[in-house]
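input00.cif (mmCIF, C-alpha atoms and all ligand atoms) appears below.
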data_my_file
loop_
_atom_site.label_atom_id
_atom_site.label_comp_id
_atom_site.auth_asym_id
_atom_site.auth_seq_id
_atom_site.Cartn_x
_atom_site.Cartn_y
_atom_site.Cartn_z
CA MET S 100 -3.16 -24.87 34.35
CA LYS S 101 -1.10 -27.77 33.05
CA ALA S 102 0.83 -26.68 29.95
CA GLY S 103 0.19 -28.90 26.97
CA ILE S 104 -2.13 -29.37 24.06
CA ARG S 105 -5.66 -30.66 24.01
CA LEU S 106 -5.77 -34.41 23.63
CA ASN S 107 -8.12 -34.32 20.64
CA ARG S 108 -5.75 -32.01 18.77
CA TYR S 109 -2.77 -34.17 19.69
CA LEU S 110 -4.51 -37.26 18.31
CA ALA S 111 -5.44 -35.35 15.16
CA GLN S 112 -1.80 -34.23 14.77
CA CYS S 113 -0.76 -37.89 15.05
CA GLY S 114 -3.18 -38.72 12.22
CA ILE S 115 -5.18 -41.03 14.52
CA ALA S 116 -8.57 -39.42 14.10
CA SER S 117 -10.34 -36.17 13.35
CA ARG S 118 -10.82 -34.05 16.46
CA ARG S 119 -14.47 -35.05 16.61
CA HIS S 120 -13.67 -38.75 16.35
CA ALA S 121 -10.88 -38.28 18.90
CA ASP S 122 -13.47 -36.83 21.30
CA GLU S 123 -15.58 -39.96 20.84
CA LEU S 124 -12.56 -42.18 21.55
CA ILE S 125 -11.80 -40.18 24.69
CA VAL S 126 -15.36 -40.30 26.02
CA LYS S 127 -15.58 -44.05 25.57
CA GLY S 128 -12.34 -44.51 27.53
CA ALA S 129 -10.24 -45.77 24.60
CA VAL S 130 -7.41 -43.30 25.27
CA LYS S 131 -4.79 -43.66 27.99
CA ILE S 132 -2.19 -41.14 29.08
CA ASN S 133 0.77 -42.63 30.94
CA GLY S 134 -1.24 -45.83 31.51
CA ARG S 135 -4.41 -44.18 32.84
CA ALA S 136 -7.62 -43.95 30.88
CA VAL S 137 -8.87 -40.39 30.46
CA ARG S 138 -12.46 -39.64 29.61
CA GLU S 139 -12.56 -35.89 30.03
CA LEU S 140 -12.76 -33.76 26.92
CA GLY S 141 -10.30 -30.92 27.20
CA THR S 142 -7.64 -33.08 28.84
CA LEU S 143 -4.19 -31.67 28.15
CA VAL S 144 -1.26 -33.78 27.04
CA ASN S 145 2.45 -33.11 26.62
CA TYR S 146 4.70 -34.38 23.88
CA ALA S 147 6.66 -36.29 26.53
CA ASP S 148 3.54 -38.22 27.71
CA ASP S 149 2.90 -41.84 26.65
CA VAL S 150 -0.41 -41.96 24.83
CA GLU S 151 -2.27 -45.16 23.90
CA VAL S 152 -5.39 -45.51 21.78
CA GLU S 153 -7.28 -48.79 21.98
CA GLY S 154 -4.20 -50.45 23.47
CA ARG S 155 -1.83 -49.15 20.75
CA VAL S 156 1.01 -46.78 21.70
CA ILE S 157 0.94 -43.62 19.63
CA ARG S 158 4.09 -42.07 18.26
CA PRO S 159 4.11 -38.40 19.24
CA PRO S 160 3.77 -35.94 16.40
CA ARG S 161 6.64 -33.65 15.55
CA ARG S 162 6.67 -30.78 18.02
CA PRO S 163 5.51 -27.55 16.40
CA THR S 164 7.90 -24.60 16.46
CA TYR S 165 7.12 -21.68 18.75
CA LEU S 166 9.89 -19.10 18.91
CA LEU S 167 9.99 -15.53 20.02
CA VAL S 168 12.34 -13.19 18.20
CA ASN S 169 13.29 -9.63 19.05
CA LYS S 170 13.34 -8.35 15.49
CA PRO S 171 15.78 -5.47 15.18
CA ALA S 172 15.07 -2.49 12.95
CA GLY S 173 16.61 -2.98 9.50
CA VAL S 174 15.31 -6.54 9.09
CA VAL S 175 12.37 -7.57 6.88
CA THR S 176 9.64 -9.74 8.40
CA THR S 177 9.91 -12.43 5.75
CA MET S 178 11.94 -15.57 5.28
CA ARG S 179 13.32 -14.42 1.91
CA ASP S 180 13.76 -11.02 0.36
CA PRO S 181 14.03 -10.38 -3.38
CA GLU S 182 15.91 -7.16 -2.58
CA SER S 183 18.53 -9.09 -0.53
CA ARG S 184 17.83 -7.18 2.67
CA ARG S 185 18.42 -8.88 6.02
CA THR S 186 15.53 -11.22 6.83
CA VAL S 187 14.11 -12.74 9.98
CA ALA S 188 15.27 -16.14 8.68
CA GLU S 189 18.86 -15.02 9.27
CA LEU S 190 18.11 -14.63 12.99
CA LEU S 191 16.69 -18.15 13.41
CA PRO S 192 18.54 -21.42 14.07
CA HIS S 193 19.37 -23.18 10.82
CA GLY S 194 16.55 -25.40 9.58
CA THR S 195 13.82 -23.74 11.70
CA ARG S 196 10.36 -24.60 10.45
CA GLY S 197 7.89 -21.77 10.73
CA VAL S 198 7.06 -18.32 9.54
CA PRO S 199 6.44 -14.98 11.26
CA VAL S 200 2.94 -14.41 12.62
CA GLY S 201 1.98 -11.08 11.14
CA ARG S 202 4.57 -8.48 10.31
CA LEU S 203 6.52 -5.58 11.67
CA ASP S 204 7.76 -2.79 9.43
CA TYR S 205 11.38 -2.85 8.29
CA ASP S 206 12.11 -0.03 10.76
CA THR S 207 10.15 -1.48 13.69
CA SER S 208 11.80 -3.69 16.30
CA GLY S 209 10.35 -6.03 18.89
CA VAL S 210 8.27 -9.11 19.57
CA LEU S 211 7.69 -11.44 16.66
CA LEU S 212 6.30 -14.96 17.01
CA ILE S 213 7.61 -17.62 14.64
CA THR S 214 5.58 -20.80 14.29
CA ASP S 215 4.55 -23.54 11.90
CA ASP S 216 1.25 -23.93 13.78
CA GLY S 217 -0.91 -22.42 11.04
CA GLU S 218 -4.15 -22.82 12.95
CA LEU S 219 -2.87 -20.80 15.90
CA ALA S 220 -1.30 -18.19 13.62
CA ASN S 221 -4.63 -17.66 11.85
CA ARG S 222 -6.44 -17.25 15.13
CA LEU S 223 -3.91 -14.78 16.48
CA LEU S 224 -4.19 -12.66 13.34
CA HIS S 225 -7.95 -12.83 12.87
CA PRO S 226 -9.58 -9.47 13.72
CA ARG S 227 -12.40 -11.28 15.55
CA PHE S 228 -9.91 -12.43 18.17
CA GLY S 229 -8.66 -8.88 18.76
CA VAL S 230 -5.22 -9.86 20.05
CA GLU S 231 -3.68 -6.88 21.83
CA LYS S 232 -0.35 -5.51 20.72
CA THR S 233 1.60 -2.95 22.72
CA TYR S 234 4.11 -0.60 21.13
CA ARG S 235 6.57 1.81 22.63
CA ALA S 236 6.89 4.78 20.30
CA ALA S 237 9.40 7.60 20.43
CA VAL S 238 7.64 10.46 18.68
CA ALA S 239 8.63 13.99 17.72
CA GLY S 240 7.36 16.74 20.01
CA ARG S 241 5.11 16.82 23.04
CA LEU S 242 1.57 15.40 22.91
CA SER S 243 -1.26 17.49 24.31
CA GLN S 244 -4.00 15.97 26.46
CA ALA S 245 -6.39 16.46 23.52
CA GLU S 246 -4.08 14.49 21.22
CA VAL S 247 -3.80 11.66 23.72
CA ALA S 248 -7.61 11.60 23.90
CA LYS S 249 -7.80 11.44 20.09
CA LEU S 250 -5.41 8.49 19.98
CA HIS S 251 -7.52 6.83 22.62
CA ARG S 252 -10.82 7.43 20.77
CA GLY S 253 -9.44 6.48 17.36
CA ILE S 254 -7.89 8.28 14.41
CA PRO S 255 -9.46 8.23 10.94
CA LEU S 256 -7.09 6.42 8.57
CA ASP S 257 -8.18 5.98 4.94
CA GLY S 258 -11.65 7.13 6.01
CA VAL S 259 -12.05 4.48 8.73
CA ARG S 260 -11.48 5.33 12.38
CA THR S 261 -9.07 3.12 14.29
CA ALA S 262 -10.56 1.18 17.19
CA PRO S 263 -10.08 2.67 20.67
CA ALA S 264 -6.49 2.38 21.88
CA LYS S 265 -4.96 2.35 25.33
CA VAL S 266 -2.42 5.15 25.57
CA ARG S 267 0.15 5.99 28.23
CA VAL S 268 2.60 8.85 27.96
CA VAL S 269 5.81 7.52 29.50
CA SER S 270 7.81 10.73 29.15
CA SER S 271 7.20 14.02 27.52
CA ALA S 272 9.58 16.75 26.35
CA ARG S 273 9.52 19.51 23.75
CA GLU S 274 11.72 17.59 21.29
CA ARG S 275 10.61 14.04 21.86
CA SER S 276 8.12 11.97 23.85
CA ILE S 277 7.81 8.29 24.64
CA VAL S 278 4.31 6.85 24.35
CA GLU S 279 3.07 3.33 25.01
CA ILE S 280 0.08 2.45 22.86
CA THR S 281 -1.96 -0.76 22.83
CA ILE S 282 -4.10 -1.60 19.82
CA HIS S 283 -5.90 -4.72 18.69
CA GLU S 284 -6.07 -4.10 14.98
CA GLY S 285 -3.33 -4.76 12.47
CA ARG S 286 -3.69 -2.11 9.81
CA ASN S 287 -0.74 -1.27 7.62
CA ARG S 288 1.78 0.98 9.47
CA GLN S 289 -1.06 1.73 11.84
CA VAL S 290 0.86 3.16 14.78
CA ARG S 291 3.12 5.31 12.61
CA ARG S 292 0.13 6.67 10.68
CA MET S 293 -1.85 7.40 13.86
CA PHE S 294 0.96 9.58 15.23
CA GLU S 295 1.68 11.11 11.82
CA ALA S 296 -1.97 12.15 11.57
CA LEU S 297 -1.48 14.19 14.75
CA GLY S 298 1.73 15.79 13.50
CA HIS S 299 4.06 13.72 15.70
CA PRO S 300 6.08 11.48 13.39
CA VAL S 301 7.42 8.29 14.92
CA LEU S 302 11.18 8.36 15.44
CA ALA S 303 11.51 4.78 16.69
CA LEU S 304 8.98 2.01 17.26
CA THR S 305 9.24 -1.21 19.26
CA ARG S 306 6.55 -3.81 19.83
CA THR S 307 6.84 -4.83 23.46
CA ARG S 308 3.90 -7.24 23.62
CA PHE S 309 1.97 -9.50 21.29
CA GLY S 310 -1.00 -11.00 23.14
CA PRO S 311 0.51 -12.84 26.11
CA LEU S 312 4.07 -12.64 24.72
CA ARG S 313 6.28 -9.94 26.17
CA LEU S 314 9.64 -8.73 24.95
CA GLY S 315 11.16 -8.57 28.44
CA ALA S 316 14.94 -8.43 28.40
CA LEU S 317 15.39 -10.33 25.13
CA ALA S 318 18.24 -8.63 23.28
CA GLY S 319 17.80 -7.25 19.77
CA GLY S 320 18.22 -10.07 17.23
CA ALA S 321 17.98 -12.78 19.92
CA VAL S 322 15.61 -15.76 19.73
CA ARG S 323 14.15 -17.92 22.48
CA SER S 324 11.60 -20.72 22.84
CA LEU S 325 8.29 -19.90 24.43
CA THR S 326 7.91 -20.87 28.08
CA PRO S 327 5.27 -23.45 29.12
CA ARG S 328 3.28 -20.59 30.66
CA GLU S 329 3.33 -18.65 27.39
CA LEU S 330 2.31 -21.76 25.45
CA ALA S 331 -0.60 -22.30 27.82
CA ALA S 332 -1.65 -18.66 27.41
CA LEU S 333 -1.53 -19.00 23.61
CA GLU S 334 -3.62 -22.16 23.84
CA ARG S 335 -6.41 -20.03 25.28
CA HIS S 336 -6.37 -17.99 22.04
CA ARG S 337 -7.21 -21.13 20.12
CA ARG S 338 -10.72 -21.06 21.55
CA PRO S 339 -13.27 -18.76 19.95
CA PRO S 340 -13.97 -15.56 21.87
CA VAL S 341 -17.19 -15.16 23.77
CA GLU S 342 -19.49 -12.74 21.97
CA PHE S 343 -22.79 -11.19 22.88
CA PRO S 344 -25.65 -11.20 20.37
CA ARG S 345 -26.03 -7.75 18.74
CA SER S 346 -29.65 -7.27 19.69
CA LYS S 347 -28.98 -8.16 23.30
CA ARG S 348 -25.85 -6.02 23.84
CA ASN S 349 -26.04 -4.06 27.10
CA THR S 350 -29.25 -5.84 28.03
CA THR S 351 -29.26 -9.55 28.82
CA ARG S 352 -25.66 -10.72 29.04
CA THR S 353 -26.01 -14.11 27.38
CA PRO S 354 -22.63 -15.19 26.04
CA VAL S 355 -22.55 -16.93 22.70
CA THR S 356 -19.54 -18.88 21.46
CA ARG S 357 -19.01 -18.96 17.75
CA GLY S 358 -16.76 -20.93 15.45
CA THR S 359 -15.11 -24.25 16.01
CA SER S 360 -12.29 -25.21 18.29
N1 LIG T 401 2.37 -0.20 13.44
C1 LIG T 401 3.31 0.35 12.66
O1 LIG T 401 3.19 1.50 12.25
N2 LIG T 401 4.37 -0.39 12.32
C2 LIG T 401 4.55 -1.66 12.73
O2 LIG T 401 5.55 -2.30 12.41
C3 LIG T 401 3.56 -2.23 13.56
C4 LIG T 401 2.47 -1.47 13.90
#
Write-out of the structure in structure tokens:
Amino acid sequence: MKAGIRLNRYLAQCGIASRRHADELIVKGAVKINGRAVRELGTLVNYADDVEVEGRVIRPPRRPTYLLVNKPAGVVTTMRDPESRRTVAELLPHGTRGVPVGRLDYDTSGVLLITDDGELANRLLHPRFGVEKTYRAAVAGRLSQAEVAKLHRGIPLDGVRTAPAKVRVVSSARERSIVEITIHEGRNRQVRRMFEALGHPVLALTRTRFGPLRLGALAGGAVRSLTPRELAALERHRRPPVEFPRSKRNTTRTPVTRGTS
């Protein structure tokens, strides 16, 4: 898949037209990319492409910020802190536009996306989109099979059971175990509280994946731009998920798409 943004969104970002009107312009052949008319809705464009609308060259919009930070423990996930603790802003290049997408606890390290693309941020955080997050937790003690099954099925927190989680015990010893857990909710201190509820307090917690974004070898406190492949993968999160109508679940598999794109 070519990395880039959908042409209608690009034209909307340039202030040329609403996305709907942009679609009309595209279909009637009024839009050219690098000198060639495009009529297909869903065409992708890059900020480096030359775009013309009705013979007029369009100035590209300012590129949105998409940065990945490996937040270290001991840093707050905000741009400013009234208590003067270290903030994520201190890790970013001076003048960066954007804010963290979601939050990690003060004591949690790992993947944090910084962007000024509010639409994408909302989608990534909306429960309906169920973006998966993977954490590597060092916990006290050894987990039994039954406890792993409980984590997998869901743990009641504040009277509401957590959604099923994927759980993998990486290593297990009497004093301390390492567990990889993947959840798609974002409840307050969710992972810590899930383990606490089982009597295995978390000793250290790192988020290793946020949707398609992986921590990899990024050093603690380091920042990097997203790769074209990661940007393309995030683009897919902009589209509404396919849902099945409640009454038809497990019977006729007729997908329904909801929301706007
Ligand atoms: N769950 C937690 O307990 N803490 C985090 O920072 C993220 C998920």
What do you get as a PDB file with C-alpha atoms, in the coordinates of the input if you pick all residues at most 8 Å from ligand LIG 401 (chain T), counting all atoms listed in the file?
ATOM      1  CA  ARG S 202       4.570  -8.480  10.310  1.00  0.00           C
ATOM      2  CA  LEU S 203       6.520  -5.580  11.670  1.00  0.00           C
ATOM      3  CA  ASP S 204       7.760  -2.790   9.430  1.00  0.00           C
ATOM      4  CA  TYR S 205      11.380  -2.850   8.290  1.00  0.00           C
ATOM      5  CA  ASP S 206      12.110  -0.030  10.760  1.00  0.00           C
ATOM      6  CA  THR S 207      10.150  -1.480  13.690  1.00  0.00           C
ATOM      7  CA  SER S 208      11.800  -3.690  16.300  1.00  0.00           C
ATOM      8  CA  TYR S 234       4.110  -0.600  21.130  1.00  0.00           C
ATOM      9  CA  GLY S 285      -3.330  -4.760  12.470  1.00  0.00           C
ATOM     10  CA  ARG S 286      -3.690  -2.110   9.810  1.00  0.00           C
ATOM     11  CA  ASN S 287      -0.740  -1.270   7.620  1.00  0.00           C
ATOM     12  CA  ARG S 288       1.780   0.980   9.470  1.00  0.00           C
ATOM     13  CA  GLN S 289      -1.060   1.730  11.840  1.00  0.00           C
ATOM     14  CA  VAL S 290       0.860   3.160  14.780  1.00  0.00           C
ATOM     15  CA  ARG S 291       3.120   5.310  12.610  1.00  0.00           C
ATOM     16  CA  ARG S 292       0.130   6.670  10.680  1.00  0.00           C
ATOM     17  CA  MET S 293      -1.850   7.400  13.860  1.00  0.00           C
ATOM     18  CA  LEU S 304       8.980   2.010  17.260  1.00  0.00           C
ATOM     19  CA  THR S 305       9.240  -1.210  19.260  1.00  0.00           C
ATOM     20  CA  ARG S 306       6.550  -3.810  19.830  1.00  0.00           C
TER      21      ARG S 306
END
Exercise. Could you check how far atom CA of Leu224 of chain S sits from atom CA of Val278 of chain S, in Å to one decimal?
Key: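 These two atoms are separated by 24.0 Å.
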Practice problem: Could you tell me which of S:Thr281, S:Gly315, S:Tyr109, S:Tyr165 comes closest to Pro327 of chain S if we count only C-alpha atoms? | Solution: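 Among the listed residues, S:Tyr165 lies closest to Pro327 of chain S.
Proximity to Phe309 of chain S was assessed for S:Gly240, S:Gly154, S:Gly201, S:Pro226 counting only C-alpha atoms; the smallest distance is recorded for S:Gly201.
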Excluding Val230 of chain S and its own-chain neighbours fewer than 3 positions away, which residues fall within 7 Å of it when counting only C-alpha atoms? Please give them as a PDB file with C-alpha atoms, keeping the file's coordinate frame.
ATOM      1  CA  LEU S 223      -3.910 -14.780  16.480  1.00  0.00           C
ATOM      2  CA  HIS S 283      -5.900  -4.720  18.690  1.00  0.00           C
ATOM      3  CA  GLY S 310      -1.000 -11.000  23.140  1.00  0.00           C
TER       4      GLY S 310
END
Quiz item: Interatomic distance between atom CA of Gly319 of chain S and atom CA of Leu219 of chain S?
Solution: 25.0 Å
Quiz item: Could you name the residues that touch Ala262 of chain S at 8 Å or less, counting only C-alpha atoms, but leaving out those on the same chain fewer than 6 positions away, as a PyMOL selection string?
Solution: chain S and resi 252-253+282-284
Keeping only C-alpha atoms, write those residues as a compact mmCIF listing (two decimals), keeping the file's coordinate frame.
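Wrote selection-v9.txt, looks like this:
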# COMPACT_ATOMS: atom_id res chain seq x y z
CA ARG S 252 -10.82 7.43 20.77
CA GLY S 253 -9.44 6.48 17.36
CA ILE S 282 -4.10 -1.60 19.82
CA HIS S 283 -5.90 -4.72 18.69
CA GLU S 284 -6.07 -4.10 14.98
Practice problem: Extract, using only C-alpha atoms, all DNA, RNA and protein residues at most 9 Å from Asp122 of chain S, discarding same-chain residues fewer than 6 positions from it, and format them as a PyMOL selection string. | Solution: chain S and resi 106-107+138-141
Quiz item: Any idea what's packed within 12 Å of Ser270 of chain S, counting all atoms listed in the file, ignoring anything in its chain fewer than 2 positions away? Could you give it as a ChimeraX atom specification?
Solution: /S:235-242,267-268,272-279
Quiz item: atom CA of Phe228 of chain S and atom CA of Ile280 of chain S are how many Å apart?
Solution: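 Separating atom CA of Phe228 of chain S from atom CA of Ile280 of chain S is a distance of 18.5 Å.
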Self-check item: Exercise: segment 175-188 of chain S partners within 12 Å, all atoms listed in the file, chain neighbours under 3 positions left out, as a ChimeraX atom specification
Solution: /S:166-172,191-213,319-322
Quiz prompt | Given only C-alpha atoms as the counted atoms, nearest of S:Arg308, S:Ala147, S:Arg337, S:Ala220 to Lys232 of chain S | solution = S:Arg308
Quiz item: Which of these residues is nearest to Asp215 of chain S, using all atoms listed in the file: S:Arg335, S:Arg105, S:Arg161, S:Lys127?
Solution: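 When distances to Asp215 of chain S are compared using all atoms listed in the file, the smallest one comes from S:Arg161.
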To box segment 204-215 of chain S, take all atoms listed in the file, fit an axis-aligned box, add 5 Å on each side, and give centre and edge lengths in Å to one decimal, as AutoDock Vina command-line options.
--center_x 8.3 --center_y -11.8 --center_z 13.9 --size_x 17.6 --size_y 33.5 --size_z 21.3
